[in-house]
Amino acid sequence: MKTAVTIGFAQRMRAFALRPLFWPLLTLALLLAGNGLVNPEFLSLQWRDGHLYGSLVDIANRAAPLVLVSLGMTLVIATRGLDISVGAVAAIAATIAAWTLLRLHAGDGDAPSLQPLFAALAAALAVAAACGLWNGLLVVKAGMQPIIATLILMVAGRGIAQLIGNGQILTVYNAPYSYLGNGFLLGLPFALFVVAATFALLHVLLQRTALGLFVRAMGHNPLAAHVAGVRTKRISLALYTFCGFCAGLAGLLVSSNVSSADANSVGQLMELDAILAVCLGGTALTGGRFSLVGSLLGALIIQTLTSTIYAIGVPPQVNLVAKALLVFAVMLLQSAEFRGSVRGWMRRVVPGGAR
Amino acid sequence: MVLQAEGLTRRFGETLALDDVALTLRTGEVHALMGQNGAGKSTLIKLLTGAERADAGSIRIDGRAIAPATPLDAQREGISTVYQEVNLCPNLSVAENLYAGRFPRNRFGLIDWPRVRRGARELMAQLHLDVDVDSLLGSHPVAVQQMVAIARALGVSARVLILDEPTSSLDEGEVRELFRVMRQLRERGMAILFVTHFLDQVYAVSDRITVLRNGRRVGEYTPSELPQSALVTAMVGREVVLAKGHARSGAMAEDAPVVAEAEGLGLRGRLQPTDLRLRAGEVLGLGGLLGSGRTELARLLFGLDRPGQGRLRVAGRDAAFRDPADAIAAGFALCPEERKTEGIVAGLSVRENIILALQARMGLRRFLPRARQEELARRFVDLLGIASASIETPVGALSGGNQQKVVLARWLATEPTLLILDEPTRGIDIAAKQEVMAEVERRADEGMAVLFISAEIEELTRLCDRIAVMRERAKAGELPGGSGAEQVLALIAGHEAEAAGAA
Amino acid sequence: SGSAPDGSASKPITVGFSQVGAESEWRSANTASVKAALAPPEFRLKFSDAQQKQENQIKALRSFIAQRVDVIAFSPVVESGWETVLREASAARIPVVLTDRAVKVSDDSLYATFIGSDFVEEGRKAGRWLVEDSKGKAGPIRIVELQGTVGSAPAIDRMKGFREIIDADKRFAVVRSQSGDFTRAKGKEVMEAFLKSQGRDIDVLFAHNDDMAIGAIQAIEEAGLKPGQDIRIVSIDGVRGAFEAMKAGKLNATIECNPLFGEQLAQLIRDVSAGRPVPKRVEVEEGVFTADQAAAELPKRKY
Amino acid sequence: MSVVHPTSAAGARDARAWRVAERLPLLVTATLFVAMSAGGGVLYDGFLSPQVFLNLLIDNAFLCIVAVGLTFVILSGGIDLSVGAVIAFTSVLSATLVQQHGWHPLAAIPLVLAFGAGFGALMGTLIRYYRLPPFVVTLAGMFLARGAATLISVDSISIEHPFYTAVAALRIPLGGGASLSFGALAALAVVAGGALLASATRFGRTVYAIGGNEQSAWLMGLPVGSTLVGVYALSGFCSALAGVTYTFYMLSGYSQHAMGLELDAIAAVVIGGTLLSGGSGHVLGSFVGVLVLGLIQTLIVFDGTLSSWWTRIAIGVLLLAFCLLQRLLVARR
Ligand SMILES: Nc1ncnc2c1ncn2[C@@H]1O[C@H](COP(=O)(O)OP(=O)(O)OP(=O)(O)O)[C@@H](O)[C@H]1O
Ligand SMILES: Nc1ncnc2c1ncn2[C@@H]1O[C@H](COP(=O)(O)OP(=O)(O)OP(=O)(O)O)[C@@H](O)[C@H]1O
Ligand SMILES: [Mg+2]
Ligand SMILES: [Mg+2]
């Protein structure tokens, strides 16, 4: 996972700084355009029952949990960490929220009060953040490798979630709760506002505080950052905690969307998708270089891919192959080396190109 | 003539690192390549060895044109290289680093480990280096790593040997060994290209000098036709007065407040209990041989390692630093010895590297406004003469000496009460070295305490108000300001009486 | 069920039971039922959860053999791949009872008996219900299908059984078929996509399990359609949630797949360990429930 | 953060101490394994029988083989997520060839092995020459391999070829009623071969060098490109070989085989003391790592009272206890 930076370090860095998001954006645009060509309905938006309705809205709404997790994951990865427990943490948060709501008998009430909801959200998010903190402690204090430290919670977490829900899918019909994942505000899915708020919070943190600088310093050279007086341990702990929090939020969105918490399925394989999103967005898994917008785009790309597969109606056996080929295509498109060799081939094939 | 390069040109973005440069290496000569930081020496070497591709130009070996695309190609052409930064694998043993890529094999086709070890020991012995060849390379200080890199290059029976600042971390003893070996190789007809910023080394060993300035070749000379001052002028492009050793007085320091005081500070196996008193406005030099424990003392003072015994008092009060951040909060600064691993953050820009420690001290929330960051960065770029396309250039793209200046700038920017400098002038050219010294002196005059660690005795005697000498991981003694180099050397060598007598 | 075990004073029958996992409510109910039936003092249950992995089940079986249990019972993840380990069990003279799903082996004597349901038959039942329900309706009747996890045995078999019936009638056409991974969230997501790309041209939804149907119902409602009316829905399993949906008129029928065969299993194990002859195949009681039965049936559902 | 490299831990400079430190994780891991087995022996009857431990090998043979290949990838500083999927693909491909196209197994097996190696080499090429992140390339490789397996056959295919059944039933008796399977032998051979390859060949040492510092390795004139491609090819080959072993083990080809195995394999390698950032670790460590994971499972099966969710929690807790002890002992020195 190392790249030998030998040729034109400055050149590349500059080119990257100039348009780091160009390729992910282009990819997303191509995907959407391709869908639009196959099915013109795809890009259309309608106003229905007081809100926007259409595939684009679905994609954004479906991508929301993944975006949240990817945002949290981006910062963890930027400091050379990794969190593969996000899916399990999402499941824990979802079951805790559902369990609390059921405990408070908030499911059956006709005039739902908001108190149980807040209690449930607070409990779920607190536990999710605690899970993140736990991961952070294992990595920072116990010095375990991130992948193993978080693997522990990944394995045990779903068990904990099932334990809370006693192996059952907890169904909650609580109107305010289902608003989280289903409701519309100003015509847009409410989940988008959750994402926007998280994104804005992070953006402000990175712009207005030295967090961004410290994170990048830690990612590029943790030891030098430590010597320079950056409190690397505290920051790592905080980032893992935040990642857990994001995973919790994602779990809430997913479960509220279907008004039930399924400890088995909430956040299934979310860790892989989130890491993939982060990579697609141009963040280096080796740490240091990261982009929040990139991760957002990455998550959107993945969801668009999934929706495309559903929309064009390929048989389900083909899903994985289609996804693989698209990921390969996306990555190759983003590889400067590949574009270079394509140019080389073109020159050779097209007569009079070079000579 | 073994190697002949012509018209070598290399551009990095807006920087023209090399512009139509020619170089000729003859058999059996030691050829010094001189130039200021950022002049293009390392770039030239990288082009010759296939580590970078030239934009234009040709390279010939024995009149035959070659175009090495990788270091491996260059090795096959008989060019053996030690790059500026130690480029070995820290996770492999010393012996493996010496033989990687050319392991001898036994009749099963497997690596013949006994032969590797034997050969490695011989190579180390050739340099009079006492190192366990089975130990991990990364467990050694840079100086030893640098020697291993040199030994690796020597081990290849090459026709051309290229050494990019091989002596930057070495002390006099090691340098002498290296020069002895270089002379031997020259006798055998090898061509050696060699970069250094120490003028006396140039005159001690080289047969010919090529000078670069701003990516262009100034000329090729023999040492006899180019006296030191003329060499400096050729490198810098204008006349520079080399400061004579005006020793600091040391008088005013006696009643100055004590900034920090170590009482029996030590760590089992690394440093014997040591006392040290650092006063405001005083430059305290720390001398000693490789591995004498100077770096360890600095690390303990700065909270990078936790002391096993003794205590540290800062401004009269006990202090227990749990990590560098605590030390920085107390007004300490440590410019570390290992530039690559503990100093620069290669992926960050010059500006970000310079403000990093200051920002860390100010904390997460009080983020320096962008304008202030730029102002600070510009100030230090000017002050230390950092050659960089802009303050937004990633530090990884700077030349070695300029990276070192950036690290220095980072710590000067924190305006500490105690500045610990561990070999701060490594790889910095002579002109810049003077600037650095002057700046340190200026700060000391303003009341900053300085702990100055250096392998160069002359540097110590010139700059310091007082000199402490370390030997075998313990403090051997202290000398007052104005002591001569012989006294320091005597103390280093363990002749206390001589040192005292001379004083 | 409940017949007195012979020699109840003697030492308990040690049973090694390897469950597939806890991937659904159905499975949890099944586990609970088996655990309740194989309780002490009569039985000593060694329970092992395979987390949906066949290799884990094989490991568990090997370990049961090493522990010399009296009877091995397990719900195979898939049909094939059991030959070797079953031979080992038979070499150790440990009888094996299959639950829930059958296995393909060259030699039927490798297991003592099988108790469980037939996924293909469940698919057929769903198909038959649909044919019945579509009497008098003109074609074409456009069906969308929410499949289970790609490659999983229930998904393959339920699809097979359903198609068998549907293909015989020219009016029916499956216009979309996609995997919903047996979960509500995926069921909803895929149904959303179906609704977007097919518009209103969907008459029937066949879901391979109730959870996906429940998710899809939400998607249908959000699209402004009436589940159960605008789109008729049939699914399989018969979990509580499905009955609630039927009661509300949002689901038209569910094919029961009964997990509560613990008692039946216990009896089989008693017989097998006592060396009494047992039938090679025991079917679990299962039915088809439609919306009009839901209200009456709901209070009786245990899971 | 936790993976600060020895170089940077400038505090510890004593060479000898480092040499011990480098081997210590393996020792500690092995010791903990023994301690854990002893614990199992105290708690459960029949736990300490030889066959239980041989079963660890028999039941985890494919994991062993995969872990060996993966160790090289991780040592080089990369990762391979496609291993489980390649196993599934191999099993399906060999099953179709043998069952449906009437190939002889001895013709099918070399073909699938070549396929695995080629697939790995292809991914390695993308990673090395187009500078794509290994994580993404091999993740897509995982989708591709599993997807291709599904395309060949959704259904699970039983293999009834006499060659397969004979090899599957083959048991090498070790006396005292204990025996080993063909797969277990293959695993042992691969572990031995892998250990030798890593420690005593130019290829192996180049892998370590690349993991230590890719750019340095390149500047030292080591063949970085071909070695990296070779590493992924090796991992692909090992996965295919594991797939073959797996096929013997299961006697079936199925696209859902070895689901999530990549994580087990990575866990085994890392538990065995290999740094995920590359450059440090041992093939033998990975072998012990596999055994530890197997032991945890065996302990849980022997317990036999845990519900499904408690099973997961117990696995997590045991893993945690193990890793914490490991860290504690290694840090103590
Ligand atoms: N990879 C790179 N990317 C961009 N610019 C570079 C790169 N390498 C070198 N440069 C630039 O080229 C110029 C020459 O650098 P070089 O390293 O050759 O200097 P040098 O003479 O070796 O200096 P020093 O004495 O400090 O080692 C410098 O301005 C440097 O910033
Ligand atoms: N010539 C040498 N051979 C082997 N090891 C050496 C040699 N020189 C130094 N060392 C190592 O250096 C370590 C002492 O380091 P320390 O950094 O405290 O001393 P120092 O006086 O700062 O030396 P340096 O000049 O390298 O900075 C010892 O642990 C030893 O292993
Ligand atoms: Mg240089
Ligand atoms: Mg030192």
# chains A, B, ... in the order shown; residues from 1 in each chain; ligands from 1
call {"tool": "residues_near_ligand", "arguments": {"ligand": "ligand 3", "cutoff": "6 Å", "atoms": "only C-alpha atoms and all ligand atoms", "output": "ChimeraX atom specification"}}
result
/B:41-42,84,399-400
call {"tool": "residues_around", "arguments": {"residues": "Trp310 in chain D", "least_positions_apart": "4", "cutoff": "7 Å", "atoms": "only C-alpha atoms", "output": "NGL selection string"}}
result
(:A and (159)) or (:D and (306 or 314))
call {"tool": "write_last_selection", "arguments": {"atoms": "N, CA and C atoms", "output": "PDB file, in the first residue's frame"}}
result
ATOM      1  N   GLY A 159     -23.468  -9.862  17.773  1.00  0.00           N
ATOM      2  CA  GLY A 159     -23.950 -10.721  18.845  1.00  0.00           C
ATOM      3  C   GLY A 159     -24.615  -9.884  19.924  1.00  0.00           C
TER       4      GLY A 159
ATOM      5  N   LEU D 306     -23.765 -22.228  24.220  1.00  0.00           N
ATOM      6  CA  LEU D 306     -23.936 -20.827  23.855  1.00  0.00           C
ATOM      7  C   LEU D 306     -25.002 -20.663  22.791  1.00  0.00           C
ATOM      8  N   ALA D 314     -18.762 -14.494  22.400  1.00  0.00           N
ATOM      9  CA  ALA D 314     -17.663 -15.275  22.961  1.00  0.00           C
ATOM     10  C   ALA D 314     -16.450 -15.246  22.033  1.00  0.00           C
TER      11      ALA D 314
END
call {"tool": "residues_near_ligand", "arguments": {"ligand": "ligand 4", "cutoff": "10 Å", "atoms": "only C-alpha atoms and all ligand atoms", "output": "PyMOL selection string"}}
result
chain B and resi 141-143+169+287-299+336-338+422-423+453-455
call {"tool": "residues_near_ligand", "arguments": {"ligand": "ligand 1", "cutoff": "7 Å", "atoms": "only C-alpha atoms and all ligand atoms", "output": "ChimeraX atom specification"}}
result
/A:6-11 /B:12-13,15-17,35-44,84,215,387-389,397-402,427-429
call {"tool": "interface_residues", "arguments": {"of": "chain A", "to": "chain D", "cutoff": "6 Å", "atoms": "only C-alpha atoms", "output": "ChimeraX atom specification"}}
result
/A:1,4,143,152,155-156,159,162-163,317,320-321,324,337-338
call {"tool": "interface_residues", "arguments": {"of": "chain B", "to": "chain A", "cutoff": "7 Å", "atoms": "only C-alpha atoms", "output": "compact mmCIF listing (two decimals) with N, CA, C and O atoms, in the first residue's frame"}}
result
# COMPACT_ATOMS: atom_id res chain seq x y z
N PHE B 12 11.07 20.07 -12.63
CA PHE B 12 9.98 19.63 -11.75
C PHE B 12 8.96 20.74 -11.71
O PHE B 12 9.17 21.74 -11.04
N GLY B 13 7.88 20.59 -12.42
CA GLY B 13 6.89 21.66 -12.44
C GLY B 13 7.54 22.96 -12.89
O GLY B 13 8.07 23.05 -13.99
N GLU B 52 15.65 8.99 -11.46
CA GLU B 52 14.75 9.95 -12.11
C GLU B 52 15.07 9.91 -13.60
O GLU B 52 16.19 9.59 -13.99
N PRO B 324 5.87 14.89 24.22
CA PRO B 324 6.47 16.15 23.78
C PRO B 324 5.51 17.34 23.92
O PRO B 324 5.97 18.45 24.19
N ALA B 325 4.22 17.07 23.78
CA ALA B 325 3.28 18.19 23.87
C ALA B 325 3.43 18.90 25.21
O ALA B 325 3.35 20.12 25.29
N ILE B 328 6.53 20.99 25.12
CA ILE B 328 6.32 22.18 24.29
C ILE B 328 5.51 23.21 25.06
O ILE B 328 5.78 24.41 25.02
N THR B 341 12.44 10.68 9.72
CA THR B 341 11.39 9.99 10.47
C THR B 341 10.75 10.86 11.54
O THR B 341 9.56 10.75 11.79
N GLU B 342 11.53 11.73 12.19
CA GLU B 342 10.97 12.50 13.30
C GLU B 342 10.80 13.97 12.97
O GLU B 342 10.20 14.71 13.72
N GLY B 343 11.35 14.37 11.83
CA GLY B 343 11.31 15.78 11.51
C GLY B 343 10.22 16.14 10.52
O GLY B 343 9.10 16.45 10.90
N ILE B 344 10.54 16.04 9.25
CA ILE B 344 9.61 16.56 8.26
C ILE B 344 8.37 15.68 8.11
O ILE B 344 8.39 14.49 8.37
N VAL B 345 7.29 16.33 7.71
CA VAL B 345 6.09 15.61 7.28
C VAL B 345 6.04 15.84 5.77
O VAL B 345 5.56 16.88 5.30
N GLY B 347 4.46 15.03 3.20
CA GLY B 347 3.26 15.31 2.42
C GLY B 347 2.67 16.69 2.67
O GLY B 347 1.80 17.14 1.92
N LEU B 348 3.12 17.36 3.71
CA LEU B 348 2.57 18.69 4.01
C LEU B 348 3.43 19.77 3.36
O LEU B 348 4.61 19.56 3.09
N LEU B 356 3.58 23.82 12.21
CA LEU B 356 3.01 22.65 12.88
C LEU B 356 3.21 22.68 14.40
O LEU B 356 2.25 22.54 15.16
N ALA B 357 4.43 22.89 14.84
CA ALA B 357 4.68 22.83 16.28
C ALA B 357 4.02 24.00 17.01
O ALA B 357 3.46 23.85 18.09
N ALA B 360 0.47 23.22 17.25
CA ALA B 360 0.24 22.17 18.24
C ALA B 360 0.28 22.77 19.64
O ALA B 360 -0.48 22.39 20.51
N ARG B 361 1.16 23.75 19.85
CA ARG B 361 1.22 24.36 21.16
C ARG B 361 -0.02 25.19 21.43
O ARG B 361 -0.53 25.24 22.54
N LEU B 364 -5.92 22.86 19.37
CA LEU B 364 -6.78 22.60 18.22
C LEU B 364 -7.63 23.80 17.87
O LEU B 364 -7.85 24.12 16.71
N ARG B 365 -8.10 24.48 18.89
CA ARG B 365 -9.13 25.49 18.65
C ARG B 365 -8.59 26.82 18.15
O ARG B 365 -9.20 27.45 17.30
N ARG B 366 -7.43 27.23 18.73
CA ARG B 366 -6.94 28.54 18.29
C ARG B 366 -6.14 28.38 17.02
O ARG B 366 -4.93 28.34 17.01
N PHE B 367 -6.86 28.27 15.93
CA PHE B 367 -6.24 27.98 14.65
C PHE B 367 -5.62 29.27 14.10
O PHE B 367 -6.30 30.29 13.99
N THR B 393 4.62 24.39 -1.58
CA THR B 393 5.25 23.18 -2.10
C THR B 393 5.33 22.13 -1.00
O THR B 393 5.67 22.46 0.13
N PRO B 394 5.00 20.88 -1.31
CA PRO B 394 5.17 19.85 -0.29
C PRO B 394 6.65 19.71 0.07
O PRO B 394 7.51 19.75 -0.81
N ALA B 397 9.30 17.63 -1.69
CA ALA B 397 9.88 18.02 -2.96
C ALA B 397 11.10 18.92 -2.79
O ALA B 397 11.70 19.33 -3.76
call {"tool": "closest_residue", "arguments": {"among": "B:Val116, B:Leu88, B:Ile386, B:Met124", "to": "ligand 2", "atoms": "only C-alpha atoms and all ligand atoms"}}
result
B:Met124
